[in-house]
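J.: Here you go, work_13.txt (compact mmCIF, C-alpha atoms and all ligand atoms):
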# COMPACT_ATOMS: atom_id res chain seq x y z
CA MET A 77 -0.42 -15.39 116.39
CA ARG A 78 -0.10 -18.11 119.03
CA LEU A 79 3.03 -20.27 119.14
CA ALA A 80 3.83 -23.32 121.23
CA THR A 81 6.44 -26.02 121.76
CA LEU A 82 4.81 -29.45 121.72
CA ARG A 83 6.28 -32.76 122.81
CA HIS A 84 6.07 -35.79 120.58
CA GLN A 85 7.77 -39.18 120.57
CA ASP A 86 11.06 -37.91 119.09
CA GLY A 87 11.43 -34.70 121.07
CA THR A 88 9.65 -31.39 120.55
CA ARG A 89 8.51 -29.21 117.67
CA ALA A 90 7.54 -25.58 117.26
CA VAL A 91 3.97 -25.03 116.12
CA ARG A 92 1.52 -22.27 115.32
CA ILE A 93 -1.77 -22.82 117.08
CA ASP A 94 -4.69 -22.06 114.76
CA GLY A 95 -7.57 -22.81 117.09
CA ALA A 96 -8.18 -26.57 116.97
CA ALA A 97 -5.24 -27.15 114.61
CA ALA A 98 -1.54 -27.10 115.41
CA VAL A 99 0.63 -26.41 112.36
CA GLU A 100 4.25 -27.53 112.46
CA ILE A 101 6.84 -24.85 111.75
CA ALA A 102 9.21 -27.17 109.94
CA GLY A 103 12.88 -27.07 110.87
CA PHE A 104 12.41 -25.72 114.41
CA ALA A 105 12.40 -27.99 117.44
CA ASP A 106 11.01 -25.37 119.79
CA VAL A 107 9.88 -21.74 119.99
CA GLY A 108 13.27 -20.65 121.37
CA GLN A 109 15.06 -22.00 118.31
CA LEU A 110 12.44 -20.35 116.07
CA LEU A 111 12.91 -16.95 117.74
CA ARG A 112 16.64 -17.06 117.03
CA HIS A 113 15.86 -16.91 113.30
CA PRO A 114 15.76 -13.22 112.26
CA SER A 115 12.63 -13.83 110.13
CA TRP A 116 10.81 -15.90 112.74
CA ALA A 117 7.55 -13.96 112.53
CA ALA A 118 7.26 -14.28 108.75
CA LEU A 119 8.32 -17.94 108.87
CA ALA A 120 5.77 -18.73 111.56
CA THR A 121 3.00 -16.85 109.76
CA ALA A 122 3.69 -18.65 106.50
CA ALA A 123 4.31 -22.10 108.02
CA ASP A 124 2.35 -24.80 106.30
CA GLY A 125 3.84 -27.95 107.77
CA ALA A 126 2.14 -31.02 109.18
CA ARG A 127 -1.25 -30.24 110.74
CA PHE A 128 -2.56 -32.09 113.73
CA ASP A 129 -5.05 -31.55 116.54
CA THR A 130 -4.11 -28.97 119.14
CA PRO A 131 -3.50 -30.95 122.35
CA ALA A 132 -6.21 -30.80 124.98
CA ALA A 133 -5.90 -27.97 127.50
CA ASP A 134 -4.83 -30.46 130.20
CA SER A 135 -2.40 -32.45 128.01
CA THR A 136 1.23 -32.94 129.04
CA ASP A 137 2.23 -32.52 125.38
CA TRP A 138 2.74 -28.79 126.10
CA ALA A 139 6.45 -28.25 126.76
CA PRO A 140 7.69 -25.00 128.35
CA VAL A 141 6.97 -22.57 125.50
CA VAL A 142 10.68 -21.66 125.37
CA PRO A 143 12.30 -24.76 126.92
CA SER A 144 15.80 -23.40 127.50
CA PRO A 145 16.11 -19.61 127.39
CA SER A 146 19.63 -18.21 127.77
CA LYS A 147 18.24 -16.13 130.66
CA ILE A 148 15.17 -15.89 132.82
CA VAL A 149 15.17 -12.54 134.61
CA CYS A 150 12.58 -12.24 137.37
CA VAL A 151 11.20 -9.07 138.92
CA GLY A 152 10.13 -8.70 142.56
CA LEU A 153 7.55 -6.21 143.88
CA ASN A 154 6.06 -4.89 140.66
CA TYR A 155 2.28 -4.66 141.24
CA ARG A 156 1.31 -1.19 142.47
CA THR A 157 -1.70 -2.23 144.59
CA HIS A 158 0.23 -5.04 146.21
CA ILE A 159 3.17 -2.77 147.13
CA LEU A 160 0.88 -0.08 148.55
CA GLU A 161 -1.21 -2.60 150.52
CA MET A 162 2.03 -3.89 152.05
CA GLY A 163 2.69 -0.32 153.25
CA ARG A 164 5.79 0.05 151.08
CA GLU A 165 6.78 2.92 148.82
CA LEU A 166 6.77 2.38 145.08
CA PRO A 167 10.29 1.35 144.07
CA GLU A 168 12.57 3.61 142.08
CA HIS A 169 14.34 0.64 140.45
CA PRO A 170 13.11 -2.88 139.76
CA THR A 171 14.24 -5.70 142.05
CA LEU A 172 15.85 -8.29 139.79
CA PHE A 173 16.80 -11.90 140.40
CA ALA A 174 17.33 -14.94 138.18
CA LYS A 175 15.90 -18.35 137.53
CA TYR A 176 17.75 -21.03 135.56
CA PRO A 177 16.17 -22.89 132.63
CA GLU A 178 16.25 -26.17 134.58
CA ALA A 179 13.46 -24.73 136.74
CA LEU A 180 10.96 -24.74 133.85
CA ILE A 181 8.21 -27.31 133.30
CA GLY A 182 5.32 -27.54 130.84
CA ALA A 183 1.83 -26.11 131.28
CA ASN A 184 0.35 -29.25 132.83
CA ASP A 185 3.40 -31.03 134.23
CA PRO A 186 3.38 -32.03 137.89
CA ILE A 187 5.16 -29.85 140.42
CA VAL A 188 7.10 -32.40 142.46
CA LEU A 189 7.79 -30.94 145.90
CA PRO A 190 11.59 -31.02 146.38
CA PRO A 191 12.60 -33.45 149.15
CA HIS A 192 14.75 -30.83 150.94
CA ALA A 193 12.30 -27.95 150.55
CA ALA A 194 8.79 -29.39 150.51
CA ASP A 195 7.19 -27.47 153.36
CA MET A 196 6.97 -23.82 152.25
CA VAL A 197 6.34 -24.01 148.52
CA ASP A 198 4.40 -20.96 147.36
CA TRP A 199 2.79 -19.63 144.18
CA GLU A 200 3.50 -16.45 142.19
CA ALA A 201 1.34 -15.98 139.09
CA GLU A 202 3.22 -13.85 136.55
CA LEU A 203 2.97 -12.40 133.08
CA ALA A 204 6.07 -13.49 131.15
CA VAL A 205 7.57 -11.41 128.35
CA VAL A 206 9.61 -13.23 125.72
CA ILE A 207 12.31 -11.48 123.70
CA GLY A 208 12.13 -11.68 119.90
CA SER A 209 15.25 -9.79 118.82
CA THR A 210 18.57 -8.89 120.41
CA ALA A 211 18.27 -5.97 122.82
CA ARG A 212 21.33 -4.13 124.18
CA ASN A 213 21.19 -0.58 125.59
CA VAL A 214 17.74 0.02 124.11
CA ASP A 215 15.26 2.74 125.06
CA GLU A 216 11.65 1.84 125.83
CA GLN A 217 10.47 2.33 122.27
CA ALA A 218 13.11 -0.04 120.87
CA ALA A 219 12.40 -2.38 123.77
CA GLU A 220 8.77 -2.58 122.70
CA GLU A 221 9.91 -3.72 119.27
CA ALA A 222 12.09 -6.42 120.81
CA ILE A 223 9.08 -8.21 122.36
CA ALA A 224 8.21 -11.50 120.64
CA GLY A 225 5.17 -12.02 122.80
CA PHE A 226 3.64 -12.82 126.15
CA SER A 227 3.09 -15.99 128.10
CA VAL A 228 2.21 -17.20 131.60
CA LEU A 229 4.70 -18.32 134.24
CA ASN A 230 4.32 -19.33 137.86
CA ASP A 231 7.43 -18.29 139.77
CA VAL A 232 6.96 -21.14 142.27
CA THR A 233 9.07 -20.25 145.30
CA MET A 234 10.48 -22.19 148.23
CA ARG A 235 10.02 -19.56 150.95
CA ASP A 236 12.24 -21.32 153.50
CA TYR A 237 15.19 -21.32 151.09
CA GLN A 238 14.33 -17.84 149.77
CA TYR A 239 14.60 -16.21 153.20
CA ARG A 240 17.66 -18.11 154.45
CA THR A 241 19.75 -15.17 153.23
CA LEU A 242 19.19 -11.66 151.87
CA GLN A 243 19.59 -12.93 148.31
CA TRP A 244 16.60 -14.92 146.98
CA LEU A 245 18.11 -17.04 144.22
CA GLN A 246 18.18 -20.33 146.11
CA GLY A 247 14.44 -20.21 146.73
CA LYS A 248 13.57 -19.27 143.18
CA THR A 249 15.19 -21.80 140.91
CA PHE A 250 14.46 -25.30 142.19
CA GLU A 251 14.68 -27.71 139.29
CA GLY A 252 11.45 -28.65 137.54
CA THR A 253 9.07 -26.45 139.51
CA SER A 254 8.10 -23.37 137.40
CA PRO A 255 5.37 -23.94 134.79
CA PHE A 256 5.71 -21.75 131.67
CA GLY A 257 3.29 -21.59 128.72
CA PRO A 258 1.07 -22.93 127.33
CA VAL A 259 1.56 -20.56 124.38
CA LEU A 260 3.32 -17.38 123.35
CA VAL A 261 0.89 -14.72 122.10
CA THR A 262 2.34 -12.04 119.85
CA PRO A 263 1.91 -8.37 120.89
CA ASP A 264 -0.70 -7.62 118.20
CA GLU A 265 -3.06 -10.01 120.06
CA PHE A 266 -2.34 -9.01 123.66
CA GLU A 267 -2.79 -5.83 125.69
CA LEU A 268 -1.82 -4.97 129.23
CA GLY A 269 -4.98 -4.83 131.31
CA ALA A 270 -5.73 -8.51 130.88
CA ALA A 271 -6.63 -10.21 134.15
CA ILE A 272 -4.05 -12.42 135.89
CA ARG A 273 -5.30 -15.11 138.27
CA CYS A 274 -4.03 -17.90 140.43
CA VAL A 275 -6.33 -20.59 141.79
CA VAL A 276 -5.27 -23.25 144.31
CA ASP A 277 -7.75 -26.13 144.25
CA ASP A 278 -11.03 -24.19 144.07
CA GLU A 279 -9.93 -21.00 145.78
CA THR A 280 -8.91 -17.89 143.83
CA VAL A 281 -5.80 -16.68 145.65
CA GLN A 282 -4.54 -14.00 143.23
CA ASP A 283 -6.70 -11.83 140.97
CA ALA A 284 -5.27 -8.64 139.47
CA SER A 285 -4.88 -6.64 136.30
CA THR A 286 -1.68 -6.66 134.27
CA ASP A 287 -1.92 -2.89 133.80
CA ASP A 288 -1.07 -2.46 137.50
CA LEU A 289 2.65 -3.08 136.83
CA VAL A 290 4.99 -0.39 138.18
CA PHE A 291 7.63 -1.22 135.55
CA SER A 292 6.10 -2.10 132.17
CA PRO A 293 7.51 -4.88 130.00
CA ALA A 294 9.25 -2.27 127.80
CA ALA A 295 10.69 -0.46 130.83
CA LEU A 296 12.03 -3.76 132.19
CA ILE A 297 13.60 -4.76 128.87
CA SER A 298 15.23 -1.35 128.55
CA TYR A 299 16.57 -1.53 132.12
CA VAL A 300 17.92 -5.08 131.81
CA SER A 301 19.43 -4.27 128.40
CA HIS A 302 21.60 -1.62 130.07
CA ILE A 303 23.10 -4.44 132.14
CA VAL A 304 23.33 -7.34 129.70
CA THR A 305 22.29 -8.31 126.18
CA LEU A 306 18.83 -9.84 125.98
CA ASN A 307 18.77 -12.59 123.36
CA PRO A 308 15.84 -13.95 121.37
CA GLY A 309 13.97 -16.41 123.57
CA ASP A 310 15.06 -14.81 126.83
CA VAL A 311 12.29 -14.39 129.37
CA ILE A 312 11.39 -11.67 131.83
CA ALA A 313 8.93 -12.74 134.54
CA THR A 314 7.31 -9.41 135.41
CA GLY A 315 6.42 -9.99 139.07
CA THR A 316 3.40 -11.19 141.01
CA PRO A 317 0.36 -9.43 142.45
CA GLY A 318 -0.88 -9.75 146.03
CA GLY A 319 -2.25 -13.01 147.39
CA VAL A 320 0.80 -15.25 147.76
CA GLY A 321 0.47 -18.00 150.38
CA HIS A 322 3.36 -16.79 152.56
CA ALA A 323 1.60 -13.44 153.21
CA ARG A 324 -1.69 -15.09 154.29
CA LYS A 325 -2.74 -15.40 157.91
CA PRO A 326 -2.34 -18.23 158.52
CA ALA A 327 0.23 -18.85 155.78
CA ARG A 328 -0.73 -21.38 153.16
CA TYR A 329 1.60 -23.47 150.96
CA LEU A 330 1.26 -26.07 148.23
CA VAL A 331 0.71 -29.63 149.49
CA PRO A 332 0.65 -32.99 147.69
CA GLY A 333 -2.70 -33.48 145.98
CA ALA A 334 -3.27 -29.75 145.37
CA THR A 335 -3.80 -28.28 141.90
CA LEU A 336 -2.19 -24.97 140.99
CA ALA A 337 -3.92 -23.08 138.16
CA THR A 338 -2.34 -19.90 136.75
CA ALA A 339 -3.98 -17.89 133.99
CA VAL A 340 -3.63 -14.65 132.07
CA GLU A 341 -6.74 -13.68 130.15
CA GLY A 342 -6.17 -13.88 126.40
CA ILE A 343 -3.11 -16.13 126.73
CA GLY A 344 -4.12 -19.32 128.50
CA GLU A 345 -3.85 -21.38 131.64
CA LEU A 346 -1.24 -23.49 133.39
CA ARG A 347 -2.73 -26.32 135.45
CA ASN A 348 -0.23 -28.25 137.55
CA PRO A 349 -0.87 -31.07 139.99
CA VAL A 350 1.32 -30.92 143.08
CA THR A 351 2.90 -34.22 144.08
CA SER A 352 5.27 -35.55 146.68
CA ALA A 353 8.73 -36.80 145.70
CA HIS A 354 8.07 -40.07 147.53
ZN ZN B 401 8.03 -13.75 141.25
Turn the structure described in the file into structure tokens.
T.:
Amino acid sequence: MRLATLRHQDGTRAVRIDGAAAVEIAGFADVGQLLRHPSWAALATAADGARFDTPAADSTDWAPVVPSPSKIVCVGLNYRTHILEMGRELPEHPTLFAKYPEALIGANDPIVLPPHAADMVDWEAELAVVIGSTARNVDEQAAEEAIAGFSVLNDVTMRDYQYRTLQWLQGKTFEGTSPFGPVLVTPDEFELGAAIRCVVDDETVQDASTDDLVFSPAALISYVSHIVTLNPGDVIATGTPGGVGHARKPARYLVPGATLATAVEGIGELRNPVTSAH
């Protein structure tokens, strides 16, 4: 099943995407609100609300699939090949940091370069895992059952701010800069091993397989759940493969007029124009 949050004139609504048709899941303004209902999967499967055309792939009707999660936990250094090619040892524990919901934008919304941090804006294509039931102190098997589904997120990063200090938060959560969506795909329709790609203009800059993760989605959920309760709708961004702009020689960053495309095979694509704030 594929779920999305779509914008319309009075706000947003949660829908099930049945190919060319979007079916309203009545009573739920977005996928986050839907996931907080204990019977969300059955409700979404049975939904028979208003039917309308699925928005075009490049439409700005796609809102962030979960517009305001109670947490977005991000993971650094989690693709095996990328870590090894950087000459580092595989980590024993995941590197965690946070992003606030204000950072999220829809699948085709513009990325407006922030006026105070416009010069070193970089891409990080990531597989996002969305929580479907409360998880606290769970093992990996229970963690697997807590997954609502998978989506695509670009952890757009302001490298100048990120490296001002040892902590990364300030470079990772600029408002309105991280596209998330277009849909959530339930686990029965998605398997690790799907390709993950990032394309800037016409150049493929990241191309990897999602089965190269050091810490699997279930391992990450279990680990985070030992620290704090994961709530329905919470998001874990599972880390990015090699090919970020900051590591290139010469380094390359997003500039006004560029297009950032981020895709995970079997889920969908984010396609965001990059614009200047002026
Ligand atoms: Zn990242």
J.: Here is a test: counting all atoms listed in the file, which residue of A:Gly182, A:Gly163, A:Pro258, A:Pro145 is nearest to Val91 (chain A)?
T.: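 Of A:Gly182, A:Gly163, A:Pro258, A:Pro145, the one nearest Val91 (chain A), counting all atoms listed in the file, is A:Pro258.
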J.: Which residues come within 8 Å of Ala222 (chain A), counting all atoms listed in the file, excluding same-chain residues fewer than 5 positions away, as a PDB file with C-alpha atoms, in the frame of the given file?
T.:
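Result file is part.pdb:
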ATOM      1  CA  ILE A 207      12.310 -11.480 123.700  1.00  0.00           C
ATOM      2  CA  GLY A 208      12.130 -11.680 119.900  1.00  0.00           C
ATOM      3  CA  SER A 209      15.250  -9.790 118.820  1.00  0.00           C
ATOM      4  CA  THR A 210      18.570  -8.890 120.410  1.00  0.00           C
ATOM      5  CA  ALA A 211      18.270  -5.970 122.820  1.00  0.00           C
TER       6      ALA A 211
END
J.: Which residues are close to Thr249 (chain A), i.e. within 7 Å by only C-alpha atoms, leaving aside same-chain residues fewer than 5 positions away? Reply as a list of chain:residue names.
T.: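 Contacts, in chain order: A:Lys175, A:Tyr176, A:Ala179.
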J.: From the set A:Glu216, A:Glu100, A:Glu202, A:Glu267, which residue has the shortest atom-to-atom contact distance to Gln282 (chain A), counting only C-alpha atoms?
T.: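 Looking at the shortest contact to Gln282 (chain A), the residue is A:Glu202.
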J.: Mind listing the residues within 6 Å of ligand ZN 401 (chain B), only C-alpha atoms and all ligand atoms counted, as a list in words?
T.: Gly152, Glu200, Asp231, Gly315 and Thr316 of chain A
J.: Any chance you can output those residues with C-alpha atoms as a PDB file, in the coordinates of the input?
T.:
ATOM      1  CA  GLY A 152      10.130  -8.700 142.560  1.00  0.00           C
ATOM      2  CA  GLU A 200       3.500 -16.450 142.190  1.00  0.00           C
ATOM      3  CA  ASP A 231       7.430 -18.290 139.770  1.00  0.00           C
ATOM      4  CA  GLY A 315       6.420  -9.990 139.070  1.00  0.00           C
ATOM      5  CA  THR A 316       3.400 -11.190 141.010  1.00  0.00           C
TER       6      THR A 316
END
J.: Restricting the calculation to all atoms listed in the file, which member of A:His302, A:Trp244, A:Ile297, A:Ile101 is positioned closest to Ala126 (chain A)?
T.: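 Smallest separation from Ala126 (chain A) among the options: A:Ile101.
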J.: Rank A:Arg212, A:Arg347, A:Arg235, A:Lys325 by their smallest atom-to-atom distance to Asp277 (chain A), using only C-alpha atoms, and report the top residue only.
T.: A:Arg347
J.: Enter the distance from CA of Ala102 (chain A) to CA of Gly87 (chain A), in Å, rounded to one decimal.
T.: 13.6 Å
J.: Would you list the residues near (4.8, -17.7, 126.5), meaning any protein, DNA or RNA residue with an atom at most 10 Å from that point in file coordinates, counting only C-alpha atoms, as a list in words?
T.: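 These residues have at least one counted atom within 10 Å: Arg78, Leu79, Ala80, Thr81, Val107, Pro140, Val141, Val142, Leu203, Ala204, Val205, Val206, Ala224, Gly225, Phe226, Ser227, Val228, Leu229, Phe256, Gly257, Pro258, Val259, Leu260, Val261, Thr262, Gly309, Val311, Ile343 and Gly344 of chain A.
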J.: Can you measure CA of Ala323 (chain A) to CA of Arg164 (chain A) for me? One decimal in Å is fine.
T.: 14.3 Å
J.: Could you list, as a JSON list (two decimals) with C-alpha atoms, keeping the file's coordinate frame, every residue within 10 Å of Asp283 (chain A), counting only C-alpha atoms and ignoring same-chain residues fewer than 2 positions away?
T.:
[["chain", "number", "residue", "atom", "x", "y", "z"],
["A", 201, "ALA", "CA", 1.34, -15.98, 139.09],
["A", 271, "ALA", "CA", -6.63, -10.21, 134.15],
["A", 272, "ILE", "CA", -4.05, -12.42, 135.89],
["A", 273, "ARG", "CA", -5.30, -15.11, 138.27],
["A", 274, "CYS", "CA", -4.03, -17.90, 140.43],
["A", 275, "VAL", "CA", -6.33, -20.59, 141.79],
["A", 280, "THR", "CA", -8.91, -17.89, 143.83],
["A", 281, "VAL", "CA", -5.80, -16.68, 145.65],
["A", 285, "SER", "CA", -4.88, -6.64, 136.30],
["A", 286, "THR", "CA", -1.68, -6.66, 134.27],
["A", 317, "PRO", "CA", 0.36, -9.43, 142.45],
["A", 318, "GLY", "CA", -0.88, -9.75, 146.03],
["A", 319, "GLY", "CA", -2.25, -13.01, 147.39],
["A", 339, "ALA", "CA", -3.98, -17.89, 133.99],
["A", 340, "VAL", "CA", -3.63, -14.65, 132.07]]
J.: Can you tell me how far CA of Asp106 (chain A) sits from CA of Asn348 (chain A), in Å to one decimal?
T.: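 So the two atoms, CA of Asp106 (chain A) and CA of Asn348 (chain A), lie 21.2 Å apart.
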J.: Which of these residues is nearest to Gln238 (chain A), using all atoms listed in the file: A:His322, A:Lys147, A:Arg127, A:Arg83?
T.: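 Counting all atoms listed in the file, the residue closest to Gln238 (chain A) is A:His322.
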J.: Given the choices A:Ser301, A:Ser352, A:Ser292, A:Asn230, which gets closest to Leu268 (chain A) if the distance is worked out from only C-alpha atoms?
T.: A:Ser292
J.: Give me the residues near Gln217 (chain A) as a list in words, where near means some atom within 12 Å (using only C-alpha atoms) and where sequence neighbours in that chain fewer than 3 positions away do not count.
T.: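 Near Gln217 (chain A), the qualifying residues are Ala211, Asn213, Val214, Glu220, Glu221, Ala222, Ile223, Ser292, Pro293, Ala294, Ala295, Leu296, Ile297 and Ser298 of chain A.
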